[in-house]
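Okay, structure first, notes after.
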Amino acid sequence: MKIQKITILLFSFIFLFVSCDNNDDNKPLPEKPVVEDMSGFAKGADVSWLTEMESAGILFYNAEGNKTECMSLLKSLGMNSIRLRVWVNPTDGWCNKTDMLIKAKRANDLGMRILVDFHYSDSWADPSKQSKPASWENLSFDDLCLAVKDHTTEVLTALNNWGISPEWVQVGNETGNGMLWSDGKADENMAQYASLTNYGYDAVKAVFPEAKVVVHLQEGNKNSKFRWLFDGLKNNGGKWDVIGMSLYPESDTWQNMNDDLISNINDMVSRYACEIMICETGMNWDGEDAAYNFLSDLITRTKAIDSCLGVFYWEPQCYNGWKEYQKGAFDEAGYPTKAMDAFSR
């Protein structure tokens, strides 16, 4: 009788073990961790204001309402690249060499790719102004060229010393009429603009031979502007690897502007046999449906062009009237808007 009880208990244990094992087999497997694509088409953001925003106490939240470091949040939303501007000697220190290095290290530590944007100014360089740094104001043209070379070399060498290798480097920002006015104003002296560009180009290649050098213009939907500037550079020995474009449509103009942009991209690829990048884009934050539709269309169509390298949103993390800028992609509480979903496609 005792042996019979032991036998029954033994079979009960075996049945229980087999049942548990079978139940484990029926359990769903744990989800595989998401592996971010850090290669191929660049889906990125210019977050140059980030350290200044953080110093002002600005916080960022994911969709679940958890406070999240901004670059990590952007990475979780499908972005794989960060663009950072650098000014020569800004009065408040933001976006100088050191500030840019801090942000670049954070991006690099996350495995994100980096685009460095040289403005060659102490502040904003854009279509309305391309002011020389104060310390370069009285330089001869030859010395101005050397200043471009030395500044580019200094900043990139600092990155290299930190073990950071940018994938792309812009020599000038929105230079539709040249840079470092008036010496490098393209409609007055295209040859001098080409020379300044080449000094920047050569300095980049001396530190990072594999980095792609970008010449960046505003209004990527305007083909005539691009033909004029790049024909001028080509005819004066100007060098570049990538043509960079900006595009800032409104909710009721993005369809036509995207069409014109794609047409311009195809013409640039055919005409100059080079690669293209959308270095800046954005739309008003409170039209998130239109912004999502615009970005989805832009990313889908540019990604289908082999020579197009990527799309960067300009300062998407801006919200609640920061610097009076309204084209971010976060809402007034610091949450990403629907527009950001386009980058996870």
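Convention: chains lettered A, B, ... in structure tokens order; per-chain residue numbering from 1; ligands numbered from 1 as shown.
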
*Near Met112 in chain A, within 12 Å and counting only C-alpha atoms, which residues show up once chain neighbours fewer than 2 positions away are dropped, as a PyMOL selection string?*
chain A and resi 36-39+42-45+71-72+74-76+78-83+103-110+114-115+164-167

Determine which residues of range 95-274 of chain A DSSP labels as strand (DSSP E) from the backbone of this structure, then write them out as a tab-separated table (two decimals) with all heavy atoms, in the first residue's frame.
chain	number	residue	atom	x	y	z
A	113	ARG	N	23.96	59.57	-35.42
A	113	ARG	CA	24.86	60.16	-36.41
A	113	ARG	C	24.80	61.68	-36.29
A	113	ARG	O	23.80	62.24	-35.82
A	113	ARG	CB	24.44	59.69	-37.79
A	113	ARG	CG	24.47	58.17	-37.89
A	113	ARG	CD	23.41	57.63	-38.82
A	113	ARG	NE	23.74	57.87	-40.21
A	113	ARG	CZ	22.89	57.65	-41.21
A	113	ARG	NH1	21.65	57.22	-40.98
A	113	ARG	NH2	23.27	57.86	-42.46
A	114	ILE	N	25.86	62.36	-36.75
A	114	ILE	CA	25.99	63.80	-36.47
A	114	ILE	C	26.27	64.59	-37.75
A	114	ILE	O	27.11	64.21	-38.56
A	114	ILE	CB	27.11	64.04	-35.44
A	114	ILE	CG1	26.73	63.40	-34.10
A	114	ILE	CG2	27.37	65.54	-35.26
A	114	ILE	CD1	27.84	63.37	-33.09
A	115	LEU	N	25.53	65.69	-37.86
A	115	LEU	CA	25.75	66.70	-38.90
A	115	LEU	C	26.16	67.99	-38.19
A	115	LEU	O	25.40	68.52	-37.37
A	115	LEU	CB	24.47	66.91	-39.71
A	115	LEU	CG	24.36	68.17	-40.60
A	115	LEU	CD1	25.47	68.23	-41.63
A	115	LEU	CD2	22.99	68.23	-41.27
A	116	VAL	N	27.36	68.49	-38.49
A	116	VAL	CA	27.84	69.76	-37.92
A	116	VAL	C	27.56	70.88	-38.91
A	116	VAL	O	27.88	70.77	-40.10
A	116	VAL	CB	29.35	69.69	-37.61
A	116	VAL	CG1	29.85	71.05	-37.10
A	116	VAL	CG2	29.63	68.61	-36.58
A	117	ASP	N	26.97	71.96	-38.41
A	117	ASP	CA	26.54	73.08	-39.25
A	117	ASP	C	27.35	74.33	-38.89
A	117	ASP	O	27.05	75.02	-37.91
A	117	ASP	CB	25.04	73.30	-39.03
A	117	ASP	CG	24.50	74.55	-39.73
A	117	ASP	OD1	25.19	75.06	-40.63
A	117	ASP	OD2	23.39	74.98	-39.36
A	118	PHE	N	28.38	74.63	-39.70
A	118	PHE	CA	29.18	75.84	-39.49
A	118	PHE	C	28.46	77.05	-40.08
A	118	PHE	O	28.18	77.10	-41.28
A	118	PHE	CB	30.55	75.70	-40.18
A	118	PHE	CG	31.53	74.85	-39.43
A	118	PHE	CD1	31.68	73.49	-39.74
A	118	PHE	CD2	32.32	75.40	-38.43
A	118	PHE	CE1	32.60	72.71	-39.06
A	118	PHE	CE2	33.24	74.62	-37.74
A	118	PHE	CZ	33.38	73.27	-38.05
A	168	TRP	N	28.48	64.18	-41.62
A	168	TRP	CA	28.31	65.26	-42.59
A	168	TRP	C	28.74	66.58	-41.93
A	168	TRP	O	28.58	66.77	-40.72
A	168	TRP	CB	26.85	65.38	-43.01
A	168	TRP	CG	26.17	64.08	-43.33
A	168	TRP	CD1	26.21	63.39	-44.51
A	168	TRP	CD2	25.33	63.32	-42.45
A	168	TRP	NE1	25.44	62.25	-44.42
A	168	TRP	CE2	24.90	62.18	-43.17
A	168	TRP	CE3	24.90	63.48	-41.12
A	168	TRP	CZ2	24.06	61.21	-42.61
A	168	TRP	CZ3	24.08	62.52	-40.56
A	168	TRP	CH2	23.67	61.40	-41.31
A	169	VAL	N	29.26	67.50	-42.74
A	169	VAL	CA	29.64	68.82	-42.24
A	169	VAL	C	29.18	69.87	-43.25
A	169	VAL	O	29.52	69.80	-44.43
A	169	VAL	CB	31.17	68.93	-42.04
A	169	VAL	CG1	31.52	70.33	-41.55
A	169	VAL	CG2	31.67	67.88	-41.05
A	170	GLN	N	28.42	70.84	-42.76
A	170	GLN	CA	28.00	71.98	-43.59
A	170	GLN	C	29.04	73.09	-43.55
A	170	GLN	O	29.47	73.50	-42.46
A	170	GLN	CB	26.69	72.57	-43.05
A	170	GLN	CG	25.44	71.95	-43.60
A	170	GLN	CD	24.22	72.69	-43.08
A	170	GLN	OE1	23.31	72.07	-42.56
A	170	GLN	NE2	24.18	74.01	-43.23
A	171	VAL	N	29.43	73.60	-44.71
A	171	VAL	CA	30.30	74.78	-44.76
A	171	VAL	C	29.41	75.97	-45.13
A	171	VAL	O	29.25	76.31	-46.29
A	171	VAL	CB	31.47	74.59	-45.72
A	171	VAL	CG1	32.47	73.61	-45.14
A	171	VAL	CG2	31.03	74.09	-47.09
A	212	LYS	N	31.12	63.83	-45.41
A	212	LYS	CA	30.57	64.44	-46.62
A	212	LYS	C	30.30	65.92	-46.35
A	212	LYS	O	29.65	66.27	-45.36
A	212	LYS	CB	29.29	63.72	-47.04
A	212	LYS	CG	29.55	62.28	-47.46
A	212	LYS	CD	28.29	61.56	-47.91
A	212	LYS	CE	28.62	60.15	-48.38
A	212	LYS	NZ	27.41	59.42	-48.84
A	213	VAL	N	30.79	66.76	-47.25
A	213	VAL	CA	30.67	68.21	-47.08
A	213	VAL	C	29.40	68.70	-47.79
A	213	VAL	O	29.18	68.41	-48.96
A	213	VAL	CB	31.91	68.94	-47.62
A	213	VAL	CG1	31.74	70.45	-47.48
A	213	VAL	CG2	33.16	68.47	-46.87
A	214	VAL	N	28.61	69.47	-47.05
A	214	VAL	CA	27.31	69.95	-47.52
A	214	VAL	C	27.37	71.44	-47.78
A	214	VAL	O	27.85	72.21	-46.94
A	214	VAL	CB	26.21	69.67	-46.47
A	214	VAL	CG1	24.84	70.09	-47.00
A	214	VAL	CG2	26.21	68.21	-46.04
A	215	VAL	N	26.88	71.86	-48.94
A	215	VAL	CA	26.61	73.28	-49.21
A	215	VAL	C	25.10	73.43	-49.18
A	215	VAL	O	24.37	72.78	-49.95
A	215	VAL	CB	27.19	73.74	-50.55
A	215	VAL	CG1	26.70	75.15	-50.89
A	215	VAL	CG2	28.72	73.71	-50.51
A	216	HIS	N	24.61	74.28	-48.28
A	216	HIS	CA	23.20	74.31	-47.89
A	216	HIS	C	22.54	75.63	-48.31
A	216	HIS	O	23.04	76.71	-47.98
A	216	HIS	CB	23.12	74.13	-46.37
A	216	HIS	CG	21.78	74.39	-45.76
A	216	HIS	ND1	21.63	75.09	-44.59
A	216	HIS	CD2	20.53	74.04	-46.16
A	216	HIS	CE1	20.35	75.16	-44.27
A	216	HIS	NE2	19.66	74.53	-45.22
A	217	LEU	N	21.42	75.52	-49.04
A	217	LEU	CA	20.65	76.68	-49.49
A	217	LEU	C	19.24	76.62	-48.93
A	217	LEU	O	18.70	75.55	-48.66
A	217	LEU	CB	20.56	76.72	-51.03
A	217	LEU	CG	21.73	77.35	-51.80
A	217	LEU	CD1	23.02	76.62	-51.55
A	217	LEU	CD2	21.41	77.36	-53.30
A	242	VAL	N	27.54	67.19	-51.09
A	242	VAL	CA	26.09	67.10	-50.90
A	242	VAL	C	25.47	68.48	-51.05
A	242	VAL	O	26.01	69.47	-50.53
A	242	VAL	CB	25.75	66.54	-49.49
A	242	VAL	CG1	24.24	66.45	-49.28
A	242	VAL	CG2	26.42	65.18	-49.27
A	243	ILE	N	24.35	68.55	-51.75
A	243	ILE	CA	23.55	69.78	-51.81
A	243	ILE	C	22.50	69.70	-50.71
A	243	ILE	O	21.67	68.77	-50.68
A	243	ILE	CB	22.89	69.96	-53.18
A	243	ILE	CG1	23.96	70.27	-54.24
A	243	ILE	CG2	21.83	71.07	-53.15
A	243	ILE	CD1	23.42	70.39	-55.65
A	244	GLY	N	22.54	70.65	-49.79
A	244	GLY	CA	21.57	70.71	-48.70
A	244	GLY	C	20.45	71.68	-49.02
A	244	GLY	O	20.66	72.71	-49.66
A	245	MET	N	19.25	71.35	-48.54
A	245	MET	CA	18.07	72.17	-48.82
A	245	MET	C	17.28	72.42	-47.54
A	245	MET	O	17.25	71.58	-46.63
A	245	MET	CB	17.16	71.46	-49.81
A	245	MET	CG	17.79	71.15	-51.15
A	245	MET	SD	16.62	70.29	-52.27
A	245	MET	CE	17.62	70.22	-53.77
A	246	SER	N	16.61	73.58	-47.49
A	246	SER	CA	15.60	73.87	-46.47
A	246	SER	C	14.23	73.88	-47.13
A	246	SER	O	14.11	74.21	-48.32
A	246	SER	CB	15.84	75.23	-45.82
A	246	SER	OG	17.03	75.26	-45.06
A	247	LEU	N	13.20	73.56	-46.35
A	247	LEU	CA	11.82	73.64	-46.84
A	247	LEU	C	10.89	73.89	-45.66
A	247	LEU	O	10.81	73.07	-44.75
A	247	LEU	CB	11.42	72.36	-47.57
A	247	LEU	CG	10.11	72.49	-48.37
A	247	LEU	CD1	10.34	73.32	-49.64
A	247	LEU	CD2	9.55	71.11	-48.73

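Considering the residues A:Trp254, A:Trp240, A:Phe312, A:Trp124 and counting only C-alpha atoms, Gly200 in chain A has its shortest atom-to-atom contact with A:Trp240.
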
*Nearest to Glu288 in chain A: which of A:Thr337, A:Asn223, A:Thr253, A:Thr302 is it, counting only C-alpha atoms?*
A:Thr337

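For Ser251 in chain A, the set of protein, DNA and RNA residues having any atom at most 10 Å away, when counting only C-alpha atoms and skipping those fewer than 5 positions along the same chain, is Met283, Asn284, Gly287, Glu288, Asp289, Ala290, Ala291, Asn293 and Phe294 of chain A.
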
Kindly save the residues from that selection, with N, CA and C atoms included, as an mmCIF file, in the first residue's frame.
data_model
loop_
_atom_site.group_PDB
_atom_site.id
_atom_site.type_symbol
_atom_site.label_atom_id
_atom_site.label_comp_id
_atom_site.auth_asym_id
_atom_site.auth_seq_id
_atom_site.Cartn_x
_atom_site.Cartn_y
_atom_site.Cartn_z
ATOM 1 N N MET A 283 7.012 72.845 -39.684
ATOM 2 C CA MET A 283 5.685 73.410 -39.915
ATOM 3 C C MET A 283 5.088 73.753 -38.555
ATOM 4 N N ASN A 284 4.133 74.663 -38.521
ATOM 5 C CA ASN A 284 3.568 75.112 -37.252
ATOM 6 C C ASN A 284 3.083 73.932 -36.404
ATOM 7 N N GLY A 287 -0.697 72.599 -36.124
ATOM 8 C CA GLY A 287 -1.355 71.931 -37.248
ATOM 9 C C GLY A 287 -0.772 70.546 -37.419
ATOM 10 N N GLU A 288 -0.869 69.732 -36.383
ATOM 11 C CA GLU A 288 -0.119 68.475 -36.360
ATOM 12 C C GLU A 288 -0.575 67.489 -37.427
ATOM 13 N N ASP A 289 -1.847 67.493 -37.794
ATOM 14 C CA ASP A 289 -2.304 66.582 -38.851
ATOM 15 C C ASP A 289 -1.664 66.952 -40.187
ATOM 16 N N ALA A 290 -1.676 68.238 -40.502
ATOM 17 C CA ALA A 290 -1.051 68.692 -41.749
ATOM 18 C C ALA A 290 0.452 68.433 -41.713
ATOM 19 N N ALA A 291 1.076 68.686 -40.554
ATOM 20 C CA ALA A 291 2.519 68.463 -40.436
ATOM 21 C C ALA A 291 2.851 66.986 -40.617
ATOM 22 N N ASN A 293 1.092 64.753 -42.330
ATOM 23 C CA ASN A 293 0.898 64.420 -43.742
ATOM 24 C C ASN A 293 2.051 64.948 -44.604
ATOM 25 N N PHE A 294 2.461 66.176 -44.311
ATOM 26 C CA PHE A 294 3.588 66.769 -45.042
ATOM 27 C C PHE A 294 4.858 65.957 -44.862
#

*Per DSSP on the backbone, what are the helix (DSSP H, G or I) residues of range 74-271 of chain A, as a PyMOL selection string?*
chain A and resi 74-76+97-109+134-136+141-161+190-207+223-235+254-271

*Distance query Asp259 in chain A at most 12 Å, only C-alpha atoms, self and fewer than 2 positions along chain excluded, as a PyMOL selection string*: chain A and resi 220-223+247+249+253-257+261-266+294+297-298+301-302

Identify, on the basis of only C-alpha atoms, every residue whose closest approach to Glu54 in chain A does not exceed 12 Å; exclude the query and any residue fewer than 3 positions from it along the same chain; express the result as a short mmCIF file (atom, residue, chain, number, x, y, z; two decimals) with all heavy atoms, in the first residue's frame.
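Final output, saved to result-v3.cif:
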data_model
loop_
_atom_site.label_atom_id
_atom_site.label_comp_id
_atom_site.auth_asym_id
_atom_site.auth_seq_id
_atom_site.Cartn_x
_atom_site.Cartn_y
_atom_site.Cartn_z
N VAL A 47 18.86 70.09 -32.89
CA VAL A 47 18.46 70.39 -31.50
C VAL A 47 19.47 71.35 -30.86
O VAL A 47 19.77 71.25 -29.67
CB VAL A 47 18.32 69.10 -30.66
CG1 VAL A 47 17.17 68.25 -31.17
CG2 VAL A 47 19.62 68.30 -30.66
N SER A 48 19.95 72.29 -31.62
CA SER A 48 21.02 73.18 -31.13
C SER A 48 20.59 74.02 -29.94
O SER A 48 21.44 74.48 -29.16
CB SER A 48 21.50 74.07 -32.28
OG SER A 48 22.00 73.31 -33.35
N TRP A 49 19.30 74.27 -29.78
CA TRP A 49 18.82 75.03 -28.62
C TRP A 49 18.74 74.20 -27.34
O TRP A 49 18.42 74.71 -26.28
CB TRP A 49 17.41 75.58 -28.92
CG TRP A 49 17.37 76.98 -29.42
CD1 TRP A 49 18.19 78.02 -29.08
CD2 TRP A 49 16.42 77.53 -30.34
NE1 TRP A 49 17.82 79.17 -29.74
CE2 TRP A 49 16.72 78.90 -30.52
CE3 TRP A 49 15.32 77.00 -31.03
CZ2 TRP A 49 15.99 79.74 -31.35
CZ3 TRP A 49 14.59 77.84 -31.86
CH2 TRP A 49 14.92 79.19 -32.02
N LEU A 50 19.00 72.90 -27.44
CA LEU A 50 18.66 71.99 -26.34
C LEU A 50 19.31 72.35 -25.02
O LEU A 50 18.62 72.42 -23.98
CB LEU A 50 19.01 70.55 -26.73
CG LEU A 50 18.70 69.49 -25.68
CD1 LEU A 50 17.23 69.52 -25.29
CD2 LEU A 50 19.10 68.11 -26.19
N THR A 51 20.61 72.57 -24.99
CA THR A 51 21.26 72.85 -23.71
C THR A 51 20.77 74.17 -23.10
O THR A 51 20.62 74.28 -21.88
CB THR A 51 22.79 72.90 -23.88
OG1 THR A 51 23.12 73.64 -25.07
CG2 THR A 51 23.37 71.50 -23.98
N GLY A 57 15.18 75.17 -17.56
CA GLY A 57 14.23 74.30 -16.86
C GLY A 57 13.20 73.64 -17.75
O GLY A 57 12.23 73.07 -17.24
N ILE A 58 13.39 73.70 -19.06
CA ILE A 58 12.43 73.08 -19.98
C ILE A 58 12.57 71.56 -19.90
O ILE A 58 13.68 71.02 -19.95
CB ILE A 58 12.67 73.54 -21.43
CG1 ILE A 58 12.62 75.08 -21.51
CG2 ILE A 58 11.67 72.91 -22.38
CD1 ILE A 58 11.29 75.68 -21.18
N LEU A 59 11.43 70.86 -19.79
CA LEU A 59 11.40 69.41 -19.67
C LEU A 59 10.68 68.80 -20.87
O LEU A 59 9.88 69.46 -21.54
CB LEU A 59 10.70 68.99 -18.38
CG LEU A 59 11.30 69.53 -17.08
CD1 LEU A 59 10.43 69.14 -15.89
CD2 LEU A 59 12.73 69.03 -16.89
N PHE A 60 10.93 67.51 -21.10
CA PHE A 60 10.35 66.81 -22.25
C PHE A 60 9.74 65.49 -21.76
O PHE A 60 10.30 64.83 -20.88
CB PHE A 60 11.42 66.53 -23.31
CG PHE A 60 12.19 67.77 -23.69
CD1 PHE A 60 13.40 68.08 -23.08
CD2 PHE A 60 11.69 68.64 -24.65
CE1 PHE A 60 14.09 69.23 -23.41
CE2 PHE A 60 12.37 69.80 -24.99
CZ PHE A 60 13.58 70.09 -24.36
N THR A 68 11.62 62.57 -19.98
CA THR A 68 12.60 61.82 -20.77
C THR A 68 13.65 62.78 -21.33
O THR A 68 13.32 63.87 -21.78
CB THR A 68 11.91 61.08 -21.94
OG1 THR A 68 10.83 60.31 -21.43
CG2 THR A 68 12.89 60.17 -22.66
N GLU A 69 14.89 62.35 -21.30
CA GLU A 69 15.95 63.16 -21.92
C GLU A 69 15.64 63.31 -23.40
O GLU A 69 15.24 62.37 -24.07
CB GLU A 69 17.30 62.46 -21.71
CG GLU A 69 18.50 63.30 -22.12
CD GLU A 69 18.80 63.22 -23.61
OE1 GLU A 69 18.64 62.12 -24.19
OE2 GLU A 69 19.16 64.26 -24.20
N CYS A 70 15.83 64.52 -23.93
CA CYS A 70 15.31 64.86 -25.25
C CYS A 70 15.88 64.00 -26.37
O CYS A 70 15.14 63.49 -27.21
CB CYS A 70 15.56 66.34 -25.53
SG CYS A 70 14.90 66.90 -27.11
N MET A 71 17.19 63.85 -26.44
CA MET A 71 17.76 63.08 -27.54
C MET A 71 17.32 61.62 -27.48
O MET A 71 17.04 61.00 -28.52
CB MET A 71 19.28 63.18 -27.54
CG MET A 71 19.81 64.55 -27.94
SD MET A 71 21.60 64.47 -28.22
CE MET A 71 22.04 66.20 -28.11
N TRP A 94 26.15 80.13 -25.96
CA TRP A 94 25.41 79.00 -26.53
C TRP A 94 25.81 78.78 -27.99
O TRP A 94 26.00 79.73 -28.74
CB TRP A 94 23.90 79.23 -26.44
CG TRP A 94 23.40 79.40 -25.04
CD1 TRP A 94 22.84 80.52 -24.50
CD2 TRP A 94 23.42 78.43 -23.99
NE1 TRP A 94 22.51 80.32 -23.18
CE2 TRP A 94 22.86 79.03 -22.84
CE3 TRP A 94 23.87 77.10 -23.91
CZ2 TRP A 94 22.73 78.34 -21.62
CZ3 TRP A 94 23.73 76.42 -22.70
CH2 TRP A 94 23.17 77.04 -21.58
N LYS A 103 26.80 68.65 -26.71
CA LYS A 103 25.63 68.04 -27.35
C LYS A 103 26.05 66.91 -28.29
O LYS A 103 25.38 65.87 -28.38
CB LYS A 103 24.83 69.11 -28.11
CG LYS A 103 24.09 70.06 -27.18
CD LYS A 103 23.47 71.24 -27.92
CE LYS A 103 24.51 72.23 -28.37
NZ LYS A 103 23.93 73.53 -28.75
N GLN A 317 11.93 70.03 -30.75
CA GLN A 317 11.67 69.99 -29.31
C GLN A 317 11.18 71.32 -28.77
O GLN A 317 10.80 71.41 -27.59
CB GLN A 317 12.95 69.56 -28.57
CG GLN A 317 13.99 70.65 -28.33
CD GLN A 317 14.78 71.03 -29.58
OE1 GLN A 317 14.63 70.45 -30.64
NE2 GLN A 317 15.65 72.04 -29.46
N CYS A 318 11.15 72.37 -29.59
CA CYS A 318 10.68 73.68 -29.12
C CYS A 318 9.18 73.65 -28.84
O CYS A 318 8.41 73.11 -29.63
CB CYS A 318 10.99 74.75 -30.15
SG CYS A 318 12.74 75.08 -30.31
N TRP A 322 8.91 78.94 -26.93
CA TRP A 322 10.35 79.10 -26.76
C TRP A 322 10.93 79.97 -27.88
O TRP A 322 10.77 79.68 -29.05
CB TRP A 322 11.04 77.74 -26.74
CG TRP A 322 12.53 77.85 -26.73
CD1 TRP A 322 13.37 77.70 -27.79
CD2 TRP A 322 13.36 78.15 -25.60
NE1 TRP A 322 14.67 77.89 -27.40
CE2 TRP A 322 14.71 78.18 -26.06
CE3 TRP A 322 13.11 78.41 -24.25
CZ2 TRP A 322 15.78 78.43 -25.22
CZ3 TRP A 322 14.18 78.67 -23.41
CH2 TRP A 322 15.50 78.68 -23.89
#

*What is the CA of Tyr248 in chain A to CA of Ser224 in chain A distance in Å?*
17.5 Å

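In this model, the gap between CA of Tyr193 in chain A and CA of Val207 in chain A comes to 21.9 Å.
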
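Note that CA of Met277 in chain A and CA of Thr153 in chain A are 23.2 Å apart.
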
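Here the question is which of A:Pro209, A:Pro336, A:Gly40, A:Gly163 gets nearest to Gly65 in chain A using only C-alpha atoms, and that residue is A:Pro336.
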
*Using only C-alpha atoms: which of A:Lys225, A:His119, A:Lys303, A:Lys97 has the shortest distance to Val155 in chain A*: A:Lys97
